[in-house]
file structure.txt (compact mmCIF, C-alpha atoms and all ligand atoms)
# COMPACT_ATOMS: atom_id res chain seq x y z
CA MET N 1 88.68 -51.16 -1.77
CA LEU N 2 84.95 -50.97 -2.42
CA ASN N 3 83.49 -54.06 -3.97
CA GLN N 4 80.63 -53.29 -6.29
CA PRO N 5 77.71 -55.63 -5.69
CA ASN N 6 77.75 -57.95 -8.68
CA GLN N 7 73.97 -58.08 -8.84
CA THR N 8 71.90 -55.02 -9.50
CA SER N 9 69.12 -54.33 -7.02
CA SER N 10 66.58 -53.50 -9.71
CA HIS N 11 64.11 -56.06 -8.39
CA LEU N 12 64.04 -54.42 -4.99
CA MET N 13 61.77 -51.48 -4.25
CA ASN N 14 63.85 -48.37 -4.18
CA THR N 15 63.43 -47.66 -0.47
CA TYR N 16 67.11 -47.28 0.44
CA ALA N 17 70.02 -45.22 -0.84
CA ARG N 18 72.45 -48.08 -0.29
CA LEU N 19 76.20 -47.74 -0.04
CA PRO N 20 78.07 -49.78 -2.69
CA VAL N 21 79.30 -52.54 -0.41
CA SER N 22 78.06 -55.87 0.91
CA PHE N 23 79.45 -58.16 3.55
CA SER N 24 80.07 -61.87 3.61
CA HIS N 25 80.69 -62.38 7.31
CA GLY N 26 81.52 -60.68 10.54
CA GLU N 27 83.44 -61.23 13.74
CA GLY N 28 83.24 -59.05 16.82
CA ALA N 29 83.48 -55.39 15.84
CA TYR N 30 84.46 -56.22 12.25
CA LEU N 31 82.68 -57.01 9.00
CA PHE N 32 84.37 -58.54 5.95
CA ASP N 33 83.44 -58.22 2.30
CA ALA N 34 83.78 -61.04 -0.21
CA ASP N 35 87.30 -59.87 -1.13
CA GLY N 36 88.41 -60.18 2.48
CA ASN N 37 88.54 -56.44 3.18
CA ARG N 38 87.88 -55.65 6.83
CA TYR N 39 85.55 -52.92 8.10
CA PHE N 40 85.33 -51.57 11.64
CA ASP N 41 81.60 -51.55 12.38
CA ALA N 42 80.93 -48.47 14.52
CA LEU N 43 77.21 -48.55 13.69
CA THR N 44 76.29 -52.22 14.36
CA GLY N 45 73.39 -52.21 11.91
CA LEU N 46 71.96 -49.23 13.79
CA ALA N 47 72.36 -50.33 17.39
CA VAL N 48 71.38 -53.91 16.65
CA CYS N 49 74.51 -56.06 16.98
CA GLY N 50 75.52 -54.81 20.43
CA LEU N 51 77.46 -58.02 21.11
CA GLY N 52 79.26 -57.67 17.79
CA HIS N 53 78.98 -60.06 14.87
CA ALA N 54 78.91 -63.85 15.09
CA HIS N 55 78.87 -63.81 18.88
CA PRO N 56 79.52 -67.45 19.88
CA ARG N 57 76.84 -67.58 22.56
CA VAL N 58 74.15 -66.20 20.26
CA THR N 59 75.27 -68.47 17.42
CA GLN N 60 75.12 -71.52 19.66
CA ALA N 61 71.74 -70.61 21.15
CA LEU N 62 70.29 -70.10 17.67
CA ALA N 63 71.74 -73.33 16.31
CA GLU N 64 70.41 -75.33 19.24
CA GLN N 65 66.95 -73.76 19.07
CA ALA N 66 66.78 -74.04 15.27
CA GLY N 67 67.54 -77.75 15.54
CA ARG N 68 64.69 -78.24 17.99
CA LEU N 69 61.84 -75.82 17.34
CA LEU N 70 61.45 -72.55 15.41
CA HIS N 71 57.83 -71.65 15.82
CA THR N 72 54.58 -72.88 17.26
CA SER N 73 52.19 -69.86 17.46
CA ASN N 74 50.86 -67.83 20.34
CA LEU N 75 47.88 -70.18 20.38
CA TYR N 76 50.04 -72.28 22.72
CA GLU N 77 52.23 -71.74 25.76
CA ILE N 78 55.79 -70.75 24.83
CA PRO N 79 58.03 -71.33 27.85
CA ARG N 80 61.02 -69.51 26.32
CA GLN N 81 58.83 -66.44 25.78
CA ALA N 82 57.50 -66.51 29.34
CA GLU N 83 61.05 -66.88 30.73
CA LEU N 84 62.29 -63.99 28.59
CA ALA N 85 59.36 -61.86 29.81
CA ALA N 86 60.34 -62.63 33.41
CA ARG N 87 63.94 -61.59 32.72
CA LEU N 88 62.93 -58.36 30.96
CA THR N 89 60.36 -57.33 33.55
CA ALA N 90 62.91 -57.87 36.32
CA LEU N 91 65.47 -55.78 34.44
CA SER N 92 63.02 -52.96 33.73
CA GLY N 93 60.76 -52.80 36.79
CA MET N 94 57.76 -53.58 34.56
CA ASP N 95 55.10 -56.27 35.16
CA ARG N 96 54.28 -57.78 31.76
CA ALA N 97 55.62 -58.05 28.21
CA PHE N 98 54.12 -58.25 24.72
CA PHE N 99 56.45 -59.48 21.96
CA GLY N 100 56.47 -58.37 18.33
CA ASN N 101 59.18 -58.43 15.67
CA SER N 102 60.40 -54.86 15.35
CA GLY N 103 60.62 -51.48 16.98
CA ALA N 104 57.60 -50.18 15.12
CA GLU N 105 55.51 -53.12 16.29
CA ALA N 106 56.59 -52.65 19.89
CA ASN N 107 55.55 -48.99 19.58
CA GLU N 108 52.22 -49.91 17.98
CA ALA N 109 51.49 -52.02 21.06
CA ALA N 110 52.26 -49.02 23.28
CA ILE N 111 49.97 -46.75 21.23
CA LYS N 112 47.16 -49.33 21.38
CA ILE N 113 47.54 -49.71 25.16
CA ALA N 114 47.22 -45.94 25.62
CA ARG N 115 44.18 -45.71 23.34
CA LEU N 116 42.40 -48.68 24.90
CA LEU N 117 43.00 -47.32 28.39
CA GLY N 118 41.60 -43.97 27.23
CA HIS N 119 38.42 -45.62 25.97
CA GLN N 120 38.09 -47.57 29.21
CA ARG N 121 38.09 -44.16 30.90
CA GLU N 122 35.43 -42.95 28.47
CA ILE N 123 37.71 -40.58 26.61
CA ASN N 124 36.32 -40.82 23.08
CA VAL N 125 39.28 -39.41 21.16
CA PRO N 126 42.24 -40.27 23.38
CA ALA N 127 45.36 -38.26 22.56
CA ILE N 128 49.03 -39.13 22.95
CA ILE N 129 51.59 -36.35 23.34
CA VAL N 130 54.56 -36.94 21.01
CA MET N 131 57.68 -34.89 20.36
CA ASP N 132 59.19 -32.76 17.63
CA ASP N 133 62.10 -34.60 15.96
CA ALA N 134 61.03 -37.96 17.40
CA PHE N 135 61.44 -41.18 15.44
CA HIS N 136 59.13 -44.07 16.25
CA GLY N 137 58.95 -46.13 13.04
CA ARG N 138 57.35 -46.43 9.60
CA THR N 139 53.92 -47.99 10.19
CA MET N 140 50.98 -45.58 9.94
CA GLY N 141 50.68 -45.25 13.72
CA THR N 142 54.37 -44.85 14.38
CA LEU N 143 55.02 -42.53 11.43
CA THR N 144 52.22 -40.33 12.72
CA ALA N 145 53.95 -40.31 16.12
CA THR N 146 57.26 -39.52 14.41
CA GLY N 147 58.14 -35.81 14.43
CA SER N 148 59.52 -35.56 10.92
CA ARG N 149 57.67 -34.32 7.85
CA LYS N 150 60.05 -36.31 5.67
CA VAL N 151 58.77 -39.55 7.18
CA GLN N 152 55.12 -38.48 6.94
CA ALA N 153 54.92 -36.60 3.63
CA GLY N 154 52.72 -38.31 1.05
CA PHE N 155 51.17 -40.78 3.47
CA GLU N 156 48.31 -38.58 4.63
CA PRO N 157 45.78 -38.90 6.08
CA LEU N 158 47.79 -39.41 9.24
CA LEU N 159 46.13 -40.82 12.34
CA ALA N 160 44.13 -38.61 14.68
CA GLY N 161 44.85 -38.59 18.39
CA PHE N 162 48.39 -37.20 18.57
CA VAL N 163 49.41 -33.84 20.07
CA ARG N 164 52.90 -32.56 19.32
CA ALA N 165 55.26 -30.80 21.72
CA PRO N 166 58.85 -29.60 21.61
CA TYR N 167 61.37 -32.04 23.15
CA ASN N 168 63.02 -31.23 26.47
CA ASP N 169 60.41 -28.57 27.25
CA VAL N 170 58.50 -29.29 30.47
CA ALA N 171 56.50 -26.05 30.28
CA ALA N 172 55.07 -27.09 26.90
CA ILE N 173 53.76 -30.34 28.40
CA GLN N 174 52.33 -28.44 31.37
CA THR N 175 50.50 -26.10 28.97
CA ILE N 176 48.96 -29.07 27.16
CA ALA N 177 47.98 -30.54 30.54
CA ASP N 178 46.22 -27.28 31.46
CA ASN N 179 44.23 -27.17 28.22
CA ASN N 180 43.61 -30.69 26.99
CA THR N 181 41.38 -33.19 28.78
CA GLU N 182 41.73 -35.95 26.18
CA VAL N 183 45.39 -36.75 26.77
CA VAL N 184 46.09 -40.30 27.97
CA ALA N 185 49.86 -40.63 27.54
CA VAL N 186 53.18 -38.98 26.76
CA PHE N 187 55.35 -41.00 24.38
CA LEU N 188 58.99 -40.14 23.79
CA GLU N 189 62.55 -41.35 23.39
CA PRO N 190 64.62 -40.73 26.54
CA ILE N 191 67.48 -39.87 24.14
CA LEU N 192 66.59 -38.83 20.59
CA GLY N 193 68.38 -41.24 18.24
CA GLU N 194 67.63 -40.33 14.62
CA ALA N 195 67.55 -36.65 15.56
CA GLY N 196 71.25 -36.90 16.44
CA ILE N 197 71.75 -38.30 19.96
CA VAL N 198 69.90 -35.48 21.73
CA ILE N 199 70.12 -35.89 25.51
CA PRO N 200 67.50 -33.94 27.50
CA ASP N 201 68.21 -31.97 30.68
CA PRO N 202 68.78 -34.14 33.79
CA GLY N 203 65.41 -33.36 35.41
CA TYR N 204 63.32 -33.80 32.27
CA LEU N 205 62.05 -37.36 32.66
CA ALA N 206 61.36 -36.84 36.39
CA ALA N 207 59.33 -33.72 35.57
CA LEU N 208 57.33 -35.64 32.95
CA ARG N 209 56.79 -38.43 35.47
CA ARG N 210 55.32 -35.87 37.92
CA ILE N 211 52.97 -34.38 35.33
CA CYS N 212 51.86 -37.85 34.21
CA ASP N 213 51.11 -38.82 37.82
CA GLU N 214 49.11 -35.63 38.41
CA HIS N 215 46.93 -36.29 35.36
CA GLN N 216 46.86 -40.11 35.36
CA TRP N 217 48.64 -40.17 32.02
CA LEU N 218 50.89 -43.03 30.99
CA LEU N 219 54.56 -42.20 30.62
CA MET N 220 55.64 -44.31 27.63
CA LEU N 221 59.28 -44.48 26.56
CA ASP N 222 60.63 -45.62 23.20
CA GLU N 223 63.92 -47.34 23.97
CA VAL N 224 64.08 -49.20 20.67
CA GLN N 225 67.55 -47.70 20.10
CA SER N 226 68.67 -46.69 23.61
CA GLY N 227 67.76 -49.96 25.38
CA ASN N 228 69.58 -53.24 25.96
CA GLY N 229 72.56 -51.86 27.83
CA ARG N 230 73.82 -49.48 25.19
CA THR N 231 73.76 -46.33 27.36
CA GLY N 232 75.40 -47.98 30.38
CA ARG N 233 72.14 -49.02 32.08
CA TYR N 234 69.78 -51.67 30.72
CA PHE N 235 67.34 -48.87 29.85
CA ALA N 236 68.28 -45.20 29.50
CA TYR N 237 65.50 -44.11 31.90
CA GLN N 238 67.38 -45.91 34.67
CA HIS N 239 69.89 -43.03 34.62
CA ALA N 240 67.01 -40.77 35.70
CA ASP N 241 65.74 -42.93 38.59
CA ILE N 242 62.17 -42.99 37.34
CA LEU N 243 59.88 -45.76 36.14
CA PRO N 244 57.79 -45.30 33.01
CA ASP N 245 54.43 -47.07 32.70
CA VAL N 246 55.32 -48.50 29.30
CA VAL N 247 58.71 -49.03 27.65
CA THR N 248 59.46 -50.47 24.23
CA THR N 249 62.66 -51.90 22.84
CA ALA N 250 63.84 -53.94 19.88
CA LYS N 251 67.09 -53.21 18.05
CA GLY N 252 69.75 -54.64 20.37
CA LEU N 253 67.50 -57.24 21.98
CA GLY N 254 68.14 -60.06 19.50
CA ASN N 255 71.62 -59.04 18.25
CA GLY N 256 70.26 -59.26 14.69
CA VAL N 257 67.36 -61.65 15.08
CA PRO N 258 64.14 -59.63 14.70
CA ILE N 259 62.35 -59.17 18.02
CA GLY N 260 60.58 -56.24 19.65
CA VAL N 261 58.92 -55.95 23.03
CA CYS N 262 56.47 -53.65 24.74
CA LEU N 263 56.83 -53.81 28.53
CA ALA N 264 54.28 -52.29 30.88
CA ARG N 265 53.52 -52.06 34.56
CA GLY N 266 50.54 -51.40 36.80
CA ILE N 267 47.28 -50.59 35.07
CA ALA N 268 49.01 -50.41 31.68
CA ALA N 269 50.15 -54.04 31.99
CA ASP N 270 46.58 -55.34 32.17
CA VAL N 271 44.91 -53.27 29.45
CA LEU N 272 45.35 -55.72 26.55
CA GLN N 273 43.14 -58.80 26.78
CA PRO N 274 42.57 -61.75 24.41
CA GLY N 275 41.39 -60.47 21.04
CA ASN N 276 42.80 -56.94 21.48
CA HIS N 277 46.22 -57.50 19.97
CA GLY N 278 48.52 -60.19 18.65
CA SER N 279 51.35 -61.24 16.37
CA THR N 280 51.94 -64.42 14.39
CA PHE N 281 55.70 -64.48 14.85
CA GLY N 282 56.07 -62.30 17.95
CA GLY N 283 58.08 -63.98 20.69
CA ASN N 284 58.63 -67.24 18.83
CA PRO N 285 61.12 -69.71 20.29
CA LEU N 286 63.94 -68.76 17.89
CA ALA N 287 63.77 -65.03 18.56
CA CYS N 288 63.45 -65.62 22.30
CA ALA N 289 66.50 -67.92 22.26
CA ALA N 290 68.52 -65.11 20.67
CA ALA N 291 67.32 -62.51 23.16
CA THR N 292 67.96 -64.85 26.09
CA ALA N 293 71.53 -65.38 24.87
CA VAL N 294 71.94 -61.60 24.60
CA LEU N 295 70.77 -61.09 28.20
CA ASP N 296 73.05 -63.90 29.41
CA SER N 297 76.04 -62.31 27.68
CA LEU N 298 75.29 -58.80 28.94
CA GLU N 299 75.16 -60.17 32.48
CA GLU N 300 78.00 -62.65 32.49
CA ASP N 301 80.45 -60.42 30.65
CA ASN N 302 79.34 -57.33 32.61
CA LEU N 303 78.81 -55.52 29.32
CA ILE N 304 76.42 -52.85 30.57
CA ASP N 305 79.00 -51.37 32.94
CA ARG N 306 81.50 -51.82 30.16
CA ALA N 307 79.29 -49.76 27.80
CA ALA N 308 79.39 -46.88 30.31
CA GLU N 309 83.17 -47.18 30.66
CA LEU N 310 83.72 -47.37 26.90
CA GLY N 311 81.41 -44.42 26.35
CA ASN N 312 83.43 -42.27 28.72
CA ARG N 313 86.67 -43.38 27.10
CA LEU N 314 85.34 -42.48 23.65
CA LEU N 315 83.94 -39.11 24.78
CA ASP N 316 87.20 -38.17 26.51
CA GLY N 317 89.15 -39.35 23.47
CA PHE N 318 87.08 -37.35 20.98
CA ARG N 319 87.11 -34.24 23.16
CA ALA N 320 90.89 -34.36 23.37
CA ALA N 321 91.45 -35.21 19.70
CA LEU N 322 89.01 -32.62 18.34
CA ALA N 323 89.63 -29.81 20.84
CA GLY N 324 91.41 -27.66 18.27
CA ASP N 325 88.76 -27.87 15.55
CA ASN N 326 86.33 -24.95 15.78
CA ARG N 327 83.95 -26.60 13.31
CA VAL N 328 83.06 -29.12 16.03
CA ALA N 329 79.93 -27.75 17.73
CA ASP N 330 79.33 -30.50 20.29
CA ILE N 331 80.56 -33.93 21.33
CA ARG N 332 77.98 -35.78 23.38
CA GLY N 333 76.83 -39.21 24.35
CA LYS N 334 75.54 -41.63 26.90
CA GLY N 335 77.44 -44.89 26.92
CA LEU N 336 77.71 -46.11 23.35
CA MET N 337 75.23 -43.68 21.80
CA LEU N 338 77.55 -40.94 20.61
CA GLY N 339 77.07 -37.83 18.51
CA ILE N 340 79.67 -35.46 17.11
CA GLU N 341 77.86 -32.38 15.88
CA LEU N 342 79.64 -30.15 13.37
CA GLU N 343 78.90 -26.60 12.25
CA VAL N 344 79.21 -27.79 8.65
CA SER N 345 77.76 -30.56 6.51
CA CYS N 346 79.63 -33.82 6.97
CA ALA N 347 77.44 -36.29 5.06
CA SER N 348 80.41 -36.93 2.73
CA LEU N 349 82.26 -38.60 5.61
CA VAL N 350 80.16 -41.76 5.37
CA ALA N 351 81.58 -42.70 1.95
CA LYS N 352 85.04 -41.50 2.93
CA ALA N 353 84.98 -43.69 6.05
CA LEU N 354 83.74 -46.65 4.04
CA ASP N 355 86.69 -46.21 1.67
CA GLU N 356 88.94 -46.50 4.71
CA GLY N 357 87.17 -49.57 6.09
CA LEU N 358 85.08 -47.83 8.72
CA LEU N 359 81.27 -47.86 9.05
CA ILE N 360 79.73 -44.74 10.56
CA ASN N 361 76.48 -42.82 10.13
CA VAL N 362 75.69 -39.15 9.63
CA THR N 363 72.25 -37.94 10.67
CA GLN N 364 70.71 -34.48 10.19
CA ASP N 365 73.55 -33.79 7.68
CA ARG N 366 75.87 -32.43 10.40
CA ILE N 367 75.92 -35.05 13.16
CA ILE N 368 78.19 -38.08 13.12
CA ARG N 369 76.38 -40.87 14.93
CA LEU N 370 78.35 -43.74 16.42
CA LEU N 371 76.67 -46.85 17.84
CA PRO N 372 79.59 -49.24 18.29
CA PRO N 373 79.32 -52.70 19.87
CA LEU N 374 79.60 -53.19 23.63
CA ILE N 375 82.40 -55.75 23.19
CA LEU N 376 85.11 -53.29 22.07
CA SER N 377 88.54 -53.60 23.62
CA ASP N 378 90.21 -50.41 24.88
CA ALA N 379 92.55 -50.57 21.88
CA GLU N 380 89.61 -50.83 19.48
CA ALA N 381 87.91 -47.86 21.16
CA ASP N 382 91.10 -45.81 20.85
CA ASP N 383 91.41 -46.85 17.21
CA LEU N 384 87.84 -45.65 16.59
CA VAL N 385 88.63 -42.27 18.16
CA ALA N 386 91.77 -41.92 16.05
CA ARG N 387 90.06 -42.88 12.79
CA VAL N 388 86.92 -40.77 13.21
CA SER N 389 88.89 -37.76 14.48
CA GLU N 390 91.21 -37.98 11.50
CA LEU N 391 88.20 -37.91 9.17
CA VAL N 392 86.76 -34.87 10.93
CA LEU N 393 90.07 -32.98 11.02
CA ASN N 394 90.57 -33.62 7.29
CA LEU N 395 87.01 -32.73 6.31
CA GLU N 396 87.04 -30.20 3.49
C1 LIG E 1 64.75 -47.77 14.81
C2 LIG E 1 63.76 -47.15 15.71
C3 LIG E 1 62.40 -47.46 15.63
C4 LIG E 1 61.82 -48.37 14.56
O1 LIG E 1 62.28 -49.67 14.68
P1 LIG E 1 62.02 -50.72 13.48
O2 LIG E 1 62.53 -52.02 14.04
O3 LIG E 1 62.79 -50.24 12.30
O4 LIG E 1 60.56 -50.73 13.23
C5 LIG E 1 61.55 -46.89 16.55
N1 LIG E 1 62.00 -46.05 17.51
C6 LIG E 1 63.30 -45.72 17.61
C7 LIG E 1 63.75 -44.80 18.70
C8 LIG E 1 64.23 -46.25 16.71
O5 LIG E 1 65.52 -45.90 16.80

call {"tool": "encode", "arguments": {"input": "structure.txt", "output": "structure tokens", "more": "lines below"}}
Ligand SMILES: *Cc1c(COP(=O)(O)O)cnc(C)c1O
result
Amino acid sequence: MLNQPNQTSSHLMNTYARLPVSFSHGEGAYLFDADGNRYFDALTGLAVCGLGHAHPRVTQALAEQAGRLLHTSNLYEIPRQAELAARLTALSGMDRAFFGNSGAEANEAAIKIARLLGHQREINVPAIIVMDDAFHGRTMGTLTATGSRKVQAGFEPLLAGFVRAPYNDVAAIQTIADNNTEVVAVFLEPILGEAGIVIPDPGYLAALRRICDEHQWLLMLDEVQSGNGRTGRYFAYQHADILPDVVTTAKGLGNGVPIGVCLARGIAADVLQPGNHGSTFGGNPLACAAATAVLDSLEEDNLIDRAAELGNRLLDGFRAALAGDNRVADIRGKGLMLGIELEVSCASLVAKALDEGLLINVTQDRIIRLLPPLILSDAEADDLVARVSELVLNLE
């Protein structure tokens, strides 16, 4: 069933261990290769195509915008960008937005806001608390913030100004607060994505909010993966009834068109001034048209509630189907961020699934990560449960 790419990739830098398949088109939850084989996409390009592939509203918005205007530059007013900022600030409880083109760029903006605010407060070496096992991106700033030696190794010197703490450990943050006067912000994912869909204790974000308030630190959340309705709220922090000072997102925002955003409120929203930061492409009319179409679809088709409902259906389904397998250590999720953690290595399942026309991901060698689209039917969700469970039960 696998079609070997007919071109070698020898002119590409060897940055990816690619699977031997390519796709010619997609529709909804499915991708098709050039031979017409169909693949159930339970990964959506890593939480990017939340509306599925070739979503008519996104396609139409892009075609219309492409026929009129792609790009002008942030030297000029961009009404589509300002309108999108208004939509996103209303959805998030933030005041202002800065647009870039990726998750890493959104996070760089957050890091720069924290540092600039620190200097305004005459902290000479402002520090940002970041977490073990975090993933924030591949630029020098964001890979320094990332809590993985694999991402950092060989790229030293890393940046100064980061303090590391264990995730989901309030006491550790309190200890840093008692001993470090240079801290300006705490930066974390409300659910760890790359680390295997790790969901912190229910009171965790509220406790961090309290500590941040006591010390005038910014609470900055990386929702590059967890944002845009995937967890059953627009942002995952909305499950915890708190407001961060800064939140970043990217992946699902453009349904495949590159766009990232750093949203901020209060003092954090006014830190960056002309000359401090910028982006050539960030928030151009094409990317904003895509994101606007995504927001329209989420709203009109009620897809955020649907993500919560589908998530529960999938969790219940997996728990029932895998109840008898004692190699299954944990089945967890929030909306359509799902992890099935095994006691044993299951990295081989990715190729096995691909052979059967199913796209899944394994992270940390033992955790199956599913990030399916928000547009699944009940039957498609049940099919996903059946197919993934079958793979797990037959794992050798
Ligand atoms: C993917 C991801 C990033 C990096 O996004 P890019 O668009 O690849 O730069 C940052 N943070 C989290 C939580 C992510 O999942």

call {"tool": "residues_around", "arguments": {"input": "structure.txt", "residues": "Ala165 in chain N", "least_positions_apart": "6", "cutoff": "12 Å", "atoms": "only C-alpha atoms", "output": "list of chain:residue names"}}
result
N:Ile128, N:Ile129, N:Val130, N:Met131, N:Asp132, N:Asp133, N:Ala134, N:Ala145, N:Thr146, N:Gly147, N:Ala171, N:Ala172, N:Ile173, N:Gln174, N:Thr175, N:Ile176, N:Ala177, N:Val186, N:Phe187, N:Leu188

call {"tool": "closest_atom_pairs", "arguments": {"input": "structure.txt", "of": "range 98-175 of chain N", "to": "range 255-267 of chain N", "cutoff": "12 Å", "atoms": "only C-alpha atoms", "output": "Markdown table"}}
result
| residue | atom | partner | partner_atom | distance |
| --- | --- | --- | --- | --- |
| N:Phe98 | CA | N:Cys262 | CA | 5.2 |
| N:Phe99 | CA | N:Val261 | CA | 4.4 |
| N:Gly100 | CA | N:Gly260 | CA | 4.8 |
| N:Asn101 | CA | N:Ile259 | CA | 4.0 |
| N:Ser102 | CA | N:Gly260 | CA | 4.5 |
| N:Gly103 | CA | N:Gly260 | CA | 5.5 |
| N:Ala104 | CA | N:Gly260 | CA | 8.1 |
| N:Glu105 | CA | N:Gly260 | CA | 6.8 |
| N:Ala106 | CA | N:Cys262 | CA | 5.0 |
| N:Asn107 | CA | N:Cys262 | CA | 7.0 |
| N:Glu108 | CA | N:Cys262 | CA | 8.8 |
| N:Ala109 | CA | N:Cys262 | CA | 6.4 |
| N:Ala110 | CA | N:Cys262 | CA | 6.4 |
| N:Ile111 | CA | N:Cys262 | CA | 10.1 |
| N:Lys112 | CA | N:Cys262 | CA | 10.8 |
| N:Ile113 | CA | N:Ala264 | CA | 9.2 |
| N:Ala114 | CA | N:Ile267 | CA | 10.5 |
| N:Leu116 | CA | N:Ile267 | CA | 11.4 |
| N:Leu117 | CA | N:Ile267 | CA | 8.6 |
| N:Gly118 | CA | N:Ile267 | CA | 11.7 |
| N:Gln120 | CA | N:Ile267 | CA | 11.3 |
| N:Arg121 | CA | N:Ile267 | CA | 12.0 |

call {"tool": "closest_residue", "arguments": {"input": "structure.txt", "among": "N:Met337, N:Leu393, N:Leu208, N:Leu376", "to": "Asp325 in chain N", "atoms": "all atoms listed in the file"}}
result
N:Leu393

call {"tool": "closest_residue", "arguments": {"input": "structure.txt", "among": "N:Ile211, N:Gly28, N:Leu310, N:Leu315", "to": "Asp178 in chain N", "atoms": "all atoms listed in the file"}}
result
N:Ile211

call {"tool": "closest_atom_pairs", "arguments": {"input": "structure.txt", "of": "chain N", "to": "ligand LIG 1 (chain E)", "cutoff": "6 Å", "atoms": "all atoms listed in the file", "output": "JSON lines"}}
result
{"residue": "N:Ser102", "atom": "CA", "partner": "E:LIG1", "partner_atom": "O2", "distance": 3.8}
{"residue": "N:Gly103", "atom": "CA", "partner": "E:LIG1", "partner_atom": "O1", "distance": 3.4}
{"residue": "N:Ala104", "atom": "CA", "partner": "E:LIG1", "partner_atom": "O4", "distance": 3.6}
{"residue": "N:Phe135", "atom": "CA", "partner": "E:LIG1", "partner_atom": "N1", "distance": 5.3}
{"residue": "N:His136", "atom": "CA", "partner": "E:LIG1", "partner_atom": "N1", "distance": 3.7}
{"residue": "N:Gly137", "atom": "CA", "partner": "E:LIG1", "partner_atom": "C4", "distance": 3.9}
{"residue": "N:Glu189", "atom": "CA", "partner": "E:LIG1", "partner_atom": "C7", "distance": 5.9}
{"residue": "N:Gly193", "atom": "CA", "partner": "E:LIG1", "partner_atom": "O5", "distance": 5.7}
{"residue": "N:Asp222", "atom": "CA", "partner": "E:LIG1", "partner_atom": "C7", "distance": 5.5}
{"residue": "N:Glu223", "atom": "CA", "partner": "E:LIG1", "partner_atom": "C7", "distance": 5.9}
{"residue": "N:Val224", "atom": "CA", "partner": "E:LIG1", "partner_atom": "C6", "distance": 4.7}
{"residue": "N:Gln225", "atom": "CA", "partner": "E:LIG1", "partner_atom": "O5", "distance": 4.3}

call {"tool": "closest_residue", "arguments": {"input": "structure.txt", "among": "N:Ser226, N:Val362, N:Gln152, N:Pro373", "to": "Leu349 in chain N", "atoms": "only C-alpha atoms"}}
result
N:Val362

call {"tool": "atom_distance", "arguments": {"input": "structure.txt", "atom1": "CA of Ser22 in chain N", "atom2": "CA of Lys251 in chain N"}}
result
20.5 Å

call {"tool": "atom_distance", "arguments": {"input": "structure.txt", "atom1": "CA of Arg96 in chain N", "atom2": "CA of Pro200 in chain N"}}
result
27.6 Å

call {"tool": "closest_residue", "arguments": {"input": "structure.txt", "among": "N:Leu371, N:Ile78, N:Val21, N:Val246", "to": "Asp33 in chain N", "atoms": "only C-alpha atoms"}}
result
N:Val21

call {"tool": "atom_distance", "arguments": {"input": "structure.txt", "atom1": "CA of Thr59 in chain N", "atom2": "CA of Ser377 in chain N"}}
result
20.9 Å

call {"tool": "closest_residue", "arguments": {"input": "structure.txt", "among": "N:Leu12, N:Leu286, N:Ala353, N:Leu219", "to": "Ser73 in chain N", "atoms": "all atoms listed in the file"}}
result
N:Leu286

call {"tool": "residues_near_point", "arguments": {"input": "structure.txt", "point": "(67.3, -71.4, 21.7)", "cutoff": "10 Å", "atoms": "only C-alpha atoms", "output": "list of chain:residue names"}}
result
N:Val58, N:Thr59, N:Gln60, N:Ala61, N:Leu62, N:Ala63, N:Glu64, N:Gln65, N:Ala66, N:Gly67, N:Arg68, N:Leu69, N:Leu70, N:Arg80, N:Pro285, N:Leu286, N:Ala287, N:Cys288, N:Ala289, N:Ala290, N:Ala291, N:Thr292, N:Ala293

call {"tool": "write_last_selection", "arguments": {"input": "structure.txt", "atoms": "C-alpha atoms", "output": "compact mmCIF listing (two decimals), keeping the file's coordinate frame"}}
result
# COMPACT_ATOMS: atom_id res chain seq x y z
CA VAL N 58 74.15 -66.20 20.26
CA THR N 59 75.27 -68.47 17.42
CA GLN N 60 75.12 -71.52 19.66
CA ALA N 61 71.74 -70.61 21.15
CA LEU N 62 70.29 -70.10 17.67
CA ALA N 63 71.74 -73.33 16.31
CA GLU N 64 70.41 -75.33 19.24
CA GLN N 65 66.95 -73.76 19.07
CA ALA N 66 66.78 -74.04 15.27
CA GLY N 67 67.54 -77.75 15.54
CA ARG N 68 64.69 -78.24 17.99
CA LEU N 69 61.84 -75.82 17.34
CA LEU N 70 61.45 -72.55 15.41
CA ARG N 80 61.02 -69.51 26.32
CA PRO N 285 61.12 -69.71 20.29
CA LEU N 286 63.94 -68.76 17.89
CA ALA N 287 63.77 -65.03 18.56
CA CYS N 288 63.45 -65.62 22.30
CA ALA N 289 66.50 -67.92 22.26
CA ALA N 290 68.52 -65.11 20.67
CA ALA N 291 67.32 -62.51 23.16
CA THR N 292 67.96 -64.85 26.09
CA ALA N 293 71.53 -65.38 24.87

call {"tool": "closest_residue", "arguments": {"input": "structure.txt", "among": "N:Thr280, N:Gln364, N:Asn302, N:Ser297", "to": "Leu75 in chain N", "atoms": "only C-alpha atoms"}}
result
N:Thr280

call {"tool": "axis_aligned_box", "arguments": {"input": "structure.txt", "around": "range 79-88 of chain N", "padding_each_side": "5 Å", "output": "JSON"}}
result
{"center_x": 60.7, "center_y": -64.8, "center_z": 29.6, "size_x": 16.4, "size_y": 23.0, "size_z": 17.6}

call {"tool": "residues_around", "arguments": {"input": "structure.txt", "residues": "Val388 in chain N", "least_positions_apart": "6", "cutoff": "9 Å", "atoms": "only C-alpha atoms", "output": "list in words"}}
result
Phe318, Ala353, Leu358 and Ile360 of chain N

call {"tool": "residues_around", "arguments": {"input": "structure.txt", "residues": "Ala329 in chain N", "least_positions_apart": "5", "cutoff": "7 Å", "atoms": "all atoms listed in the file", "output": "PyMOL selection string"}}
result
chain N and resi 341-343
